[in-house]
Amino acid sequence: MDFLNAFVALANFVLIPATAYGAQLALGALGVTLIYGILRFSNFAHGDTMAFGTMVTILFTWWFQSMGLSLDPLPTALAALPFGIVVTALLLLGTDRIVYRFYREQKAKPVILVIVSMGVMFILNGLVRFIIGPDEQRFADGERFLISARDFKEITGLEEGLAIRTTQGITIITAVIVVALLFWFLKSTRTGKSMRAFSDNEDLALLSGINPERVVAITWVIVAALATIAGVLYGLDKSFKPFTYFQLLLPIFAAAIVGGLGSPLGAIAGGFLIAFSEVSVTYAYKKVLGYLLPENMEPEGLVQLLSTDYKFAVSFVILIIVLLFRPTGLFRGKTA
Amino acid sequence: MSGNPYQDDRGNKDRTITNTGGSEWTGAVRSGGRAERVNGDGPFLIGDGMTGGYGTGANILQDCTISVERGEIAVIVGPNGAGKSTAMKAVFGMLTLRGGAVRLNGEDITRLTPQARVARGMAFVPQTNNIFTSMTVEENLEMGAFLRRDDISATIAEVYDLFPVLRDKRRQPAGELSGGQRQQVAVGRALMTRPGVLMLDEPTAGVSPIVMDELFDRIIEVARTGISILMVEQNARQALEIADKGFVLVQGANAYTDTGKALLADPDVRRTFLGG
């Protein structure tokens with residue numbers, strides 16, 4: 001029985017990675033939920049928006065690196081991030097102008113907008129692969145660890161090491177700052193309140209003199225920022241690959257729906273719920289149990305509930321359960 | 001309206017509120033979407049000889065005239081389907097007018113969009129979905145004053161003086177309030193623009209008789225501050241009692257027009273609409 005080592009192993013392989021992954025999903029789900037709240041459709045292009053934003057950030061990162069610019073010990077990508085956001089915002093405002101605005105003027109049904117967003121998704125998909133290629137890119141530089149496993153073992157004298165990567169630390173800190181800013185904006189500023197009013201009752205908002213086109217434009221800019229930040233954090237933490245970002249759509253939608261579409265708080269809760277479920281179900285508990293159980297009872301197998309290849313099944317199952325038993329999500333958003 | 005394959009029902013399910021093109025004028029061609037000053041006499045707000053219907057549909061109103069003087073209460077009553085709400089929406093620019101004109105304070109506003117009319121001092125309280133349910137009472141009032149850039153705290157205080165219960169509930173989401181309190185929020189939101197005329201579409205629909213009396217008292221109080229009130233009411237008798245002027249509509253046309261008291265005393269009106 002060795003609780004301390006068991007806990008450290010669990011923290012190292014489940015708690016910390018899941019927290020970082022949850023923060024990334026939450027930021028992605030916030031974007032989805034904002035679009036749903038304001039524009040009333042599920043934006044299937046969100047994963048590829050993240051990919052686009054990350055791609056632009058990577059290109060700027062390479063450019064900065066070639067000029068010898070560096071934020072050491074922080075990754076250079078953080079300096080490139082604002083530029084990525086600006087370019088992505090321009091892209092989203094452009095697609096809104098060219099594509100979505102037409103359907104908005106027709107007061108199109110949400111299902112039509114969903115299909116339209118799938119069209120945008122395919123185009124973005126191609127665009128990203130065309131520019132940066134379909135291959136995996138690693139663009140994290142700077143200090144790799146806040147605490148490395150070896151240092152941790154030396155300091156604590158424990159058998160198990162606890163490593164916290166810089167990117168994980170950055171992810172969590174950035175997510176907290178971004179979420180705090182977003183909530184402050186929605187709660188306290190005139191523009192933020194007008195966005196909530198528009199989401200609540202569009203016609204009454206019009207009667208109150210709120211300009212819908214302005215609300216929509218601001219929403220796209222915020223979504224561009226959220227998507228780019230989420231994508232860059234995910235890419236720093238793991239790696240950037242266009243196809244992976246497309247696949248992220250499922251856990252992100254699951255997070256937004258589990259939390260309740262249209263509810264920002266729900267998106268965050270949903271993000272962490274999905275991340276923790278995914279990581280804890282696909283983790284092999286052999287090591288942790290090895291510390292906890294008496295020696296002769298040590299499990300022979302990996303004690304892994306689900307192979308990591310099936311991690312998307314976790315989001316899918318959670319999604320189905322929520323849709324069956326609580327379709328409005330945990331935080332009572334709009335019906336999914 | 002129904003022929004549009006993209007169409008969806010959003011907001012308060014009343015597309016006419018967002019009549020983005022403004023009332024179409026099929027009569028004489030005039031400059032687009034601008035108010036024109038005409039002779040200064042006449043009522044504060046008048047929908048004069050209005051003929052028209054929703055979108056490209058059939059005419060619902062037939063040469064219907066609705067007017068209200070400054071600081072007075074005008075009530076539109078009539079049997080179901082008489083076009084009461086339609087008449088008021090026509091005054092607010094939510095209809096396609098094929099004949100007649102709407103004048104506010106001597107200005108012809110027939111071609112203005114509903115939103116533009118709000119900016120000119122008309123406030124409209126829809127019958128349903130007339131509050132932001134997810135926002136607090138105070139935020140509802142703030143949103144009502146969205147067009148204003150000056151200090152709105154005095155106006156908020158006035159609304160709270162008018163509806164004291166809202167002051168206690170100002171941090172509560174408006175969706176959690178009772179039916180009567182919601183109507184107070186809706187009226188309060190409309191008053192935030194400091195309008196010249198307040199238009200109420202069946203403000204007492206679905207509230208208890210006690211709350212109804214209370215609401216009518218408040219409406220009289222609003223009128224005393226110099227704001228004209230134009231409202232549609234199901235409860236014809238009570239409404240005519242507080243009305244300076246009453247319009248009885250039948251099938252989209254004026255049947256009787258007189259002061260509230262005179263209509264209540266009129267045997268024809270009593271027999272046909274007030275149940276004896």
# chains A, B, ... in the order shown; residues from 1 in each chain; ligands from 1
>>> residues_around(residues="Leu306 (chain A)", least_positions_apart="5", cutoff="10 Å", atoms="only C-alpha atoms", output="ChimeraX atom specification")
/A:278-284,311,313-314
>>> closest_atom_pairs(of="chain A", to="chain B", cutoff="12 Å", atoms="only C-alpha atoms", output="JSON lines")
{"residue": "A:Gly37", "atom": "CA", "partner": "B:Arg10", "partner_atom": "CA", "distance": 12.0}
{"residue": "A:Ile38", "atom": "CA", "partner": "B:Gly11", "partner_atom": "CA", "distance": 11.3}
{"residue": "A:Leu39", "atom": "CA", "partner": "B:Arg10", "partner_atom": "CA", "distance": 10.7}
{"residue": "A:Arg40", "atom": "CA", "partner": "B:Arg10", "partner_atom": "CA", "distance": 9.1}
{"residue": "A:Phe41", "atom": "CA", "partner": "B:Asp8", "partner_atom": "CA", "distance": 11.7}
{"residue": "A:Phe102", "atom": "CA", "partner": "B:Tyr6", "partner_atom": "CA", "distance": 10.3}
{"residue": "A:Tyr103", "atom": "CA", "partner": "B:Tyr6", "partner_atom": "CA", "distance": 7.3}
{"residue": "A:Arg104", "atom": "CA", "partner": "B:Tyr6", "partner_atom": "CA", "distance": 9.0}
{"residue": "A:Glu105", "atom": "CA", "partner": "B:Tyr6", "partner_atom": "CA", "distance": 9.4}
{"residue": "A:Gln106", "atom": "CA", "partner": "B:Tyr6", "partner_atom": "CA", "distance": 5.8}
{"residue": "A:Lys107", "atom": "CA", "partner": "B:Gln7", "partner_atom": "CA", "distance": 4.9}
{"residue": "A:Ala108", "atom": "CA", "partner": "B:Tyr6", "partner_atom": "CA", "distance": 3.8}
{"residue": "A:Lys109", "atom": "CA", "partner": "B:Asp8", "partner_atom": "CA", "distance": 4.7}
{"residue": "A:Pro110", "atom": "CA", "partner": "B:Asp8", "partner_atom": "CA", "distance": 7.7}
{"residue": "A:Val111", "atom": "CA", "partner": "B:Tyr6", "partner_atom": "CA", "distance": 9.5}
{"residue": "A:Ile112", "atom": "CA", "partner": "B:Tyr6", "partner_atom": "CA", "distance": 7.3}
{"residue": "A:Leu113", "atom": "CA", "partner": "B:Tyr6", "partner_atom": "CA", "distance": 9.3}
{"residue": "A:Val116", "atom": "CA", "partner": "B:Tyr6", "partner_atom": "CA", "distance": 11.9}
{"residue": "A:Leu186", "atom": "CA", "partner": "B:Met135", "partner_atom": "CA", "distance": 11.2}
{"residue": "A:Lys187", "atom": "CA", "partner": "B:Glu139", "partner_atom": "CA", "distance": 9.7}
{"residue": "A:Ser188", "atom": "CA", "partner": "B:Glu139", "partner_atom": "CA", "distance": 9.9}
{"residue": "A:Thr189", "atom": "CA", "partner": "B:Glu139", "partner_atom": "CA", "distance": 11.0}
{"residue": "A:Arg190", "atom": "CA", "partner": "B:Phe146", "partner_atom": "CA", "distance": 8.3}
{"residue": "A:Thr191", "atom": "CA", "partner": "B:Phe146", "partner_atom": "CA", "distance": 9.7}
{"residue": "A:Gly192", "atom": "CA", "partner": "B:Met143", "partner_atom": "CA", "distance": 11.0}
{"residue": "A:Lys193", "atom": "CA", "partner": "B:Glu139", "partner_atom": "CA", "distance": 7.6}
{"residue": "A:Ser194", "atom": "CA", "partner": "B:Met143", "partner_atom": "CA", "distance": 6.9}
{"residue": "A:Met195", "atom": "CA", "partner": "B:Met143", "partner_atom": "CA", "distance": 10.4}
{"residue": "A:Arg196", "atom": "CA", "partner": "B:Met135", "partner_atom": "CA", "distance": 7.8}
{"residue": "A:Ala197", "atom": "CA", "partner": "B:Phe132", "partner_atom": "CA", "distance": 6.3}
{"residue": "A:Phe198", "atom": "CA", "partner": "B:Gly11", "partner_atom": "CA", "distance": 8.7}
{"residue": "A:Ser199", "atom": "CA", "partner": "B:Gly11", "partner_atom": "CA", "distance": 8.8}
{"residue": "A:Asp200", "atom": "CA", "partner": "B:Phe132", "partner_atom": "CA", "distance": 5.8}
{"residue": "A:Asn201", "atom": "CA", "partner": "B:Gly11", "partner_atom": "CA", "distance": 4.7}
{"residue": "A:Glu202", "atom": "CA", "partner": "B:Gly11", "partner_atom": "CA", "distance": 4.6}
{"residue": "A:Asp203", "atom": "CA", "partner": "B:Gly11", "partner_atom": "CA", "distance": 5.0}
{"residue": "A:Leu204", "atom": "CA", "partner": "B:Asn130", "partner_atom": "CA", "distance": 6.6}
{"residue": "A:Ala205", "atom": "CA", "partner": "B:Met143", "partner_atom": "CA", "distance": 7.7}
{"residue": "A:Leu206", "atom": "CA", "partner": "B:Gln115", "partner_atom": "CA", "distance": 6.7}
{"residue": "A:Leu207", "atom": "CA", "partner": "B:Gln115", "partner_atom": "CA", "distance": 5.6}
{"residue": "A:Ser208", "atom": "CA", "partner": "B:Gly144", "partner_atom": "CA", "distance": 5.2}
{"residue": "A:Gly209", "atom": "CA", "partner": "B:Leu147", "partner_atom": "CA", "distance": 5.6}
{"residue": "A:Ile210", "atom": "CA", "partner": "B:Phe146", "partner_atom": "CA", "distance": 6.7}
{"residue": "A:Asn211", "atom": "CA", "partner": "B:Gln115", "partner_atom": "CA", "distance": 9.9}
{"residue": "A:Pro212", "atom": "CA", "partner": "B:Thr18", "partner_atom": "CA", "distance": 10.8}
{"residue": "A:Gly262", "atom": "CA", "partner": "B:Ser134", "partner_atom": "CA", "distance": 11.5}
{"residue": "A:Ser263", "atom": "CA", "partner": "B:Ser134", "partner_atom": "CA", "distance": 10.8}
{"residue": "A:Arg332", "atom": "CA", "partner": "B:Ser134", "partner_atom": "CA", "distance": 11.3}
{"residue": "A:Gly333", "atom": "CA", "partner": "B:Ser134", "partner_atom": "CA", "distance": 10.7}
{"residue": "A:Lys334", "atom": "CA", "partner": "B:Ser134", "partner_atom": "CA", "distance": 11.7}
>>> select_by_dssp(residues="region 150-180 of chain B", states="helix (DSSP H, G or I)", output="PyMOL selection string")
chain B and resi 153-162+164-168+174-176+179-180
>>> atom_distance(atom1="CA of Ala79 (chain A)", atom2="CA of Leu25 (chain A)")
22.0 Å
>>> residues_around(residues="Val32 (chain A)", least_positions_apart="4", cutoff="7 Å", atoms="only C-alpha atoms", output="MDAnalysis selection string")
chainID A and resid 28 36 42:43 46 256
>>> closest_residue(among="B:Thr136, B:Thr110, B:Thr155, B:Gln234", to="Asp168 (chain B)", atoms="only C-alpha atoms")
B:Thr136
>>> atom_distance(atom1="CA of Phe272 (chain A)", atom2="CA of Val179 (chain A)")
13.6 Å
>>> residues_around(residues="region 65-73 of chain B", least_positions_apart="2", cutoff="9 Å", atoms="only C-alpha atoms", output="PyMOL selection string")
chain B and resi 42-50+63+75-76+87-88+91+100+196-197+219-220+222-231+242-247+253-254
>>> write_last_selection(atoms="C-alpha atoms", output="mmCIF file, in the first residue's frame")
data_model
loop_
_atom_site.group_PDB
_atom_site.id
_atom_site.type_symbol
_atom_site.label_atom_id
_atom_site.label_comp_id
_atom_site.auth_asym_id
_atom_site.auth_seq_id
_atom_site.Cartn_x
_atom_site.Cartn_y
_atom_site.Cartn_z
ATOM 1 C CA GLY B 42 -54.001 66.946 -35.420
ATOM 2 C CA PRO B 43 -53.429 64.269 -32.787
ATOM 3 C CA PHE B 44 -49.995 63.439 -31.361
ATOM 4 C CA LEU B 45 -50.036 60.046 -33.063
ATOM 5 C CA ILE B 46 -52.461 59.003 -35.744
ATOM 6 C CA GLY B 47 -52.767 56.044 -38.059
ATOM 7 C CA ASP B 48 -54.989 57.695 -40.602
ATOM 8 C CA GLY B 49 -57.202 55.631 -42.918
ATOM 9 C CA MET B 50 -54.872 52.646 -42.762
ATOM 10 C CA ASP B 63 -59.587 52.359 -43.898
ATOM 11 C CA VAL B 75 -57.850 51.888 -26.173
ATOM 12 C CA ILE B 76 -58.574 49.594 -29.084
ATOM 13 C CA ALA B 87 -54.183 47.995 -36.174
ATOM 14 C CA MET B 88 -51.657 48.792 -33.490
ATOM 15 C CA VAL B 91 -49.231 52.149 -36.431
ATOM 16 C CA GLY B 100 -53.394 55.744 -45.376
ATOM 17 C CA GLY B 196 -43.612 60.032 -26.295
ATOM 18 C CA VAL B 197 -46.070 57.251 -26.860
ATOM 19 C CA ILE B 219 -50.769 52.837 -16.852
ATOM 20 C CA ILE B 220 -52.866 55.826 -15.774
ATOM 21 C CA VAL B 222 -47.654 56.765 -16.851
ATOM 22 C CA ALA B 223 -50.186 58.759 -18.887
ATOM 23 C CA ARG B 224 -50.174 61.489 -16.221
ATOM 24 C CA THR B 225 -46.469 62.051 -16.838
ATOM 25 C CA GLY B 226 -47.400 63.178 -20.355
ATOM 26 C CA ILE B 227 -46.774 59.915 -22.205
ATOM 27 C CA SER B 228 -49.526 58.952 -24.623
ATOM 28 C CA ILE B 229 -50.802 55.403 -24.223
ATOM 29 C CA LEU B 230 -52.205 53.323 -27.033
ATOM 30 C CA MET B 231 -53.307 49.869 -26.016
ATOM 31 C CA ILE B 242 -59.725 54.339 -17.930
ATOM 32 C CA ALA B 243 -59.667 55.376 -21.594
ATOM 33 C CA ASP B 244 -59.882 58.945 -22.808
ATOM 34 C CA LYS B 245 -60.699 57.600 -26.190
ATOM 35 C CA GLY B 246 -61.924 54.208 -27.381
ATOM 36 C CA PHE B 247 -61.851 52.608 -30.804
ATOM 37 C CA ALA B 253 -62.664 48.822 -39.764
ATOM 38 C CA ASN B 254 -63.792 51.447 -37.249
#
>>> closest_residue(among="A:Val87, A:Ile222, A:Leu292, A:Leu15", to="Ile164 (chain A)", atoms="only C-alpha atoms")
A:Leu15
>>> atom_distance(atom1="CA of Gln238 (chain B)", atom2="CA of Arg271 (chain B)")
15.9 Å
>>> residues_around(residues="Ala23 (chain A)", least_positions_apart="2", cutoff="9 Å", atoms="only C-alpha atoms", output="list in words")
Ala18, Thr19, Ala20, Tyr21, Leu25, Ala26, Leu27, Gly28, Thr171, Ile172, Thr174, Ala175, Val176, Ala230, Ile268, Gly271, Phe272 and Ala275 of chain A
>>> residues_around(residues="Leu302 (chain A)", least_positions_apart="2", cutoff="7 Å", atoms="only C-alpha atoms", output="PyMOL selection string")
chain A and resi 284-286+300+304
>>> residues_around(residues="region 124-131 of chain A", least_positions_apart="6", cutoff="8 Å", atoms="only C-alpha atoms", output="list in words")
Ala45, Asp48, Thr49, Ala51, Phe52, Met55, Pro242 and Phe246 of chain A
>>> closest_residue(among="A:Gly161, A:Gly266, A:Gly259, A:Pro251", to="Gln24 (chain A)", atoms="only C-alpha atoms")
A:Pro251
>>> select_by_dssp(residues="region 75-258 of chain B", states="strand (DSSP E)", output="ChimeraX atom specification")
/B:75-77,96-104,107-108,122-125,197-201,228-232,245-250,253-258
>>> write_last_selection(atoms="N, CA and C atoms", output="short mmCIF file (atom, residue, chain, number, x, y, z; two decimals), in the first residue's frame")
data_model
loop_
_atom_site.label_atom_id
_atom_site.label_comp_id
_atom_site.auth_asym_id
_atom_site.auth_seq_id
_atom_site.Cartn_x
_atom_site.Cartn_y
_atom_site.Cartn_z
N VAL B 75 -57.73 53.34 -26.28
CA VAL B 75 -57.85 51.89 -26.17
C VAL B 75 -58.52 51.35 -27.43
N ILE B 76 -57.96 50.26 -27.94
CA ILE B 76 -58.57 49.59 -29.08
C ILE B 76 -59.26 48.34 -28.57
N VAL B 77 -60.56 48.24 -28.76
CA VAL B 77 -61.29 47.04 -28.33
C VAL B 77 -62.06 46.49 -29.53
N THR B 96 -47.64 45.95 -44.00
CA THR B 96 -47.57 46.59 -45.30
C THR B 96 -48.83 47.45 -45.46
N LEU B 97 -48.61 48.76 -45.50
CA LEU B 97 -49.76 49.64 -45.67
C LEU B 97 -49.98 49.92 -47.16
N ARG B 98 -51.18 49.71 -47.61
CA ARG B 98 -51.48 50.00 -49.02
C ARG B 98 -52.26 51.30 -49.17
N GLY B 99 -52.66 51.84 -48.04
CA GLY B 99 -53.35 53.12 -48.10
C GLY B 99 -53.29 53.75 -46.72
N GLY B 100 -53.41 55.06 -46.65
CA GLY B 100 -53.39 55.74 -45.38
C GLY B 100 -51.99 56.15 -44.99
N ALA B 101 -51.88 56.77 -43.81
CA ALA B 101 -50.59 57.29 -43.38
C ALA B 101 -50.52 57.22 -41.86
N VAL B 102 -49.27 57.20 -41.35
CA VAL B 102 -49.07 57.28 -39.90
C VAL B 102 -48.30 58.57 -39.62
N ARG B 103 -48.83 59.38 -38.73
CA ARG B 103 -48.15 60.63 -38.41
C ARG B 103 -47.89 60.70 -36.92
N LEU B 104 -46.66 61.07 -36.57
CA LEU B 104 -46.28 61.23 -35.18
C LEU B 104 -45.87 62.68 -34.98
N GLU B 107 -45.35 64.62 -38.03
CA GLU B 107 -44.41 64.13 -39.03
C GLU B 107 -44.96 62.85 -39.66
N ASP B 108 -44.84 62.75 -40.96
CA ASP B 108 -45.29 61.53 -41.63
C ASP B 108 -44.20 60.46 -41.46
N MET B 122 -41.34 56.19 -30.09
CA MET B 122 -42.44 55.26 -29.92
C MET B 122 -41.91 54.02 -29.21
N ALA B 123 -42.65 53.54 -28.23
CA ALA B 123 -42.22 52.33 -27.53
C ALA B 123 -43.32 51.30 -27.66
N PHE B 124 -42.93 50.06 -27.87
CA PHE B 124 -43.90 49.01 -28.13
C PHE B 124 -43.65 47.85 -27.18
N VAL B 125 -44.69 47.39 -26.52
CA VAL B 125 -44.59 46.21 -25.66
C VAL B 125 -45.37 45.09 -26.32
N VAL B 197 -44.87 58.07 -26.84
CA VAL B 197 -46.07 57.25 -26.86
C VAL B 197 -45.69 55.81 -26.53
N LEU B 198 -46.51 55.21 -25.68
CA LEU B 198 -46.27 53.84 -25.26
C LEU B 198 -47.39 52.97 -25.82
N MET B 199 -47.01 51.94 -26.56
CA MET B 199 -48.02 51.08 -27.17
C MET B 199 -48.00 49.72 -26.50
N LEU B 200 -49.15 49.29 -26.01
CA LEU B 200 -49.23 48.05 -25.24
C LEU B 200 -50.18 47.08 -25.94
N ASP B 201 -49.67 45.90 -26.24
CA ASP B 201 -50.50 44.89 -26.88
C ASP B 201 -51.02 43.93 -25.81
N SER B 228 -48.29 59.46 -24.04
CA SER B 228 -49.53 58.95 -24.62
C SER B 228 -49.53 57.43 -24.54
N ILE B 229 -50.69 56.86 -24.29
CA ILE B 229 -50.80 55.40 -24.22
C ILE B 229 -51.76 54.94 -25.31
N LEU B 230 -51.31 53.95 -26.07
CA LEU B 230 -52.21 53.32 -27.03
C LEU B 230 -52.18 51.85 -26.70
N MET B 231 -53.36 51.29 -26.35
CA MET B 231 -53.31 49.87 -26.02
C MET B 231 -54.48 49.08 -26.56
N VAL B 232 -54.19 47.81 -26.76
CA VAL B 232 -55.20 46.86 -27.20
C VAL B 232 -55.63 46.08 -25.97
N LYS B 245 -60.09 57.82 -24.90
CA LYS B 245 -60.70 57.60 -26.19
C LYS B 245 -60.74 56.10 -26.47
N GLY B 246 -61.82 55.63 -27.07
CA GLY B 246 -61.92 54.21 -27.38
C GLY B 246 -62.20 54.01 -28.86
N PHE B 247 -61.60 52.97 -29.40
CA PHE B 247 -61.85 52.61 -30.80
C PHE B 247 -62.41 51.19 -30.82
N VAL B 248 -63.63 51.05 -31.27
CA VAL B 248 -64.18 49.72 -31.41
C VAL B 248 -64.00 49.30 -32.86
N LEU B 249 -63.25 48.22 -33.06
CA LEU B 249 -63.01 47.74 -34.42
C LEU B 249 -63.86 46.50 -34.68
N VAL B 250 -64.36 46.42 -35.89
CA VAL B 250 -65.02 45.20 -36.33
C VAL B 250 -64.50 44.89 -37.73
N ALA B 253 -62.20 47.46 -39.49
CA ALA B 253 -62.66 48.82 -39.76
C ALA B 253 -63.21 49.43 -38.48
N ASN B 254 -63.24 50.77 -38.42
CA ASN B 254 -63.79 51.45 -37.25
C ASN B 254 -65.30 51.22 -37.19
N ALA B 255 -65.78 50.68 -36.08
CA ALA B 255 -67.23 50.56 -35.90
C ALA B 255 -67.74 51.73 -35.08
N TYR B 256 -67.11 51.95 -33.93
CA TYR B 256 -67.48 53.08 -33.07
C TYR B 256 -66.21 53.75 -32.60
N THR B 257 -66.24 55.07 -32.57
CA THR B 257 -65.11 55.81 -32.01
C THR B 257 -65.68 56.93 -31.15
N ASP B 258 -65.28 56.94 -29.89
CA ASP B 258 -65.80 57.99 -29.00
C ASP B 258 -64.93 58.02 -27.76
#
>>> decode(residues="region 209-222 of chain A", atoms="N, CA, C and O atoms", output="short mmCIF file (atom, residue, chain, number, x, y, z; two decimals), in the first residue's frame")
data_model
loop_
_atom_site.label_atom_id
_atom_site.label_comp_id
_atom_site.auth_asym_id
_atom_site.auth_seq_id
_atom_site.Cartn_x
_atom_site.Cartn_y
_atom_site.Cartn_z
N GLY A 209 -33.10 48.59 -30.14
CA GLY A 209 -32.10 49.35 -30.88
C GLY A 209 -30.74 48.68 -30.95
O GLY A 209 -29.75 49.31 -31.29
N ILE A 210 -30.66 47.38 -30.61
CA ILE A 210 -29.40 46.66 -30.72
C ILE A 210 -29.18 46.28 -32.18
O ILE A 210 -30.08 45.73 -32.83
N ASN A 211 -27.99 46.60 -32.69
CA ASN A 211 -27.70 46.33 -34.10
C ASN A 211 -27.25 44.88 -34.27
O ASN A 211 -26.16 44.51 -33.83
N PRO A 212 -28.05 44.04 -34.92
CA PRO A 212 -27.72 42.61 -35.00
C PRO A 212 -26.41 42.34 -35.74
O PRO A 212 -25.64 41.48 -35.34
N GLU A 213 -26.14 43.10 -36.80
CA GLU A 213 -24.92 42.85 -37.56
C GLU A 213 -23.67 43.10 -36.71
O GLU A 213 -22.67 42.41 -36.84
N ARG A 214 -23.77 44.08 -35.83
CA ARG A 214 -22.63 44.37 -34.96
C ARG A 214 -22.43 43.24 -33.96
O ARG A 214 -21.31 42.79 -33.72
N VAL A 215 -23.55 42.76 -33.39
CA VAL A 215 -23.47 41.66 -32.44
C VAL A 215 -22.84 40.44 -33.11
O VAL A 215 -21.94 39.79 -32.56
N VAL A 216 -23.28 40.15 -34.33
CA VAL A 216 -22.77 38.98 -35.05
C VAL A 216 -21.27 39.14 -35.33
O VAL A 216 -20.48 38.21 -35.11
N ALA A 217 -20.86 40.33 -35.76
CA ALA A 217 -19.44 40.55 -36.06
C ALA A 217 -18.59 40.37 -34.81
O ALA A 217 -17.54 39.72 -34.85
N ILE A 218 -19.04 40.92 -33.69
CA ILE A 218 -18.27 40.79 -32.45
C ILE A 218 -18.18 39.33 -32.04
O ILE A 218 -17.13 38.85 -31.59
N THR A 219 -19.29 38.61 -32.23
CA THR A 219 -19.28 37.18 -31.90
C THR A 219 -18.22 36.45 -32.71
O THR A 219 -17.44 35.67 -32.15
N TRP A 220 -18.15 36.71 -34.00
CA TRP A 220 -17.16 36.03 -34.84
C TRP A 220 -15.74 36.35 -34.37
O TRP A 220 -14.88 35.48 -34.36
N VAL A 221 -15.51 37.60 -33.99
CA VAL A 221 -14.15 37.97 -33.55
C VAL A 221 -13.80 37.21 -32.28
O VAL A 221 -12.70 36.64 -32.14
N ILE A 222 -14.76 37.16 -31.33
CA ILE A 222 -14.50 36.44 -30.08
C ILE A 222 -14.27 34.96 -30.36
O ILE A 222 -13.36 34.32 -29.81
#
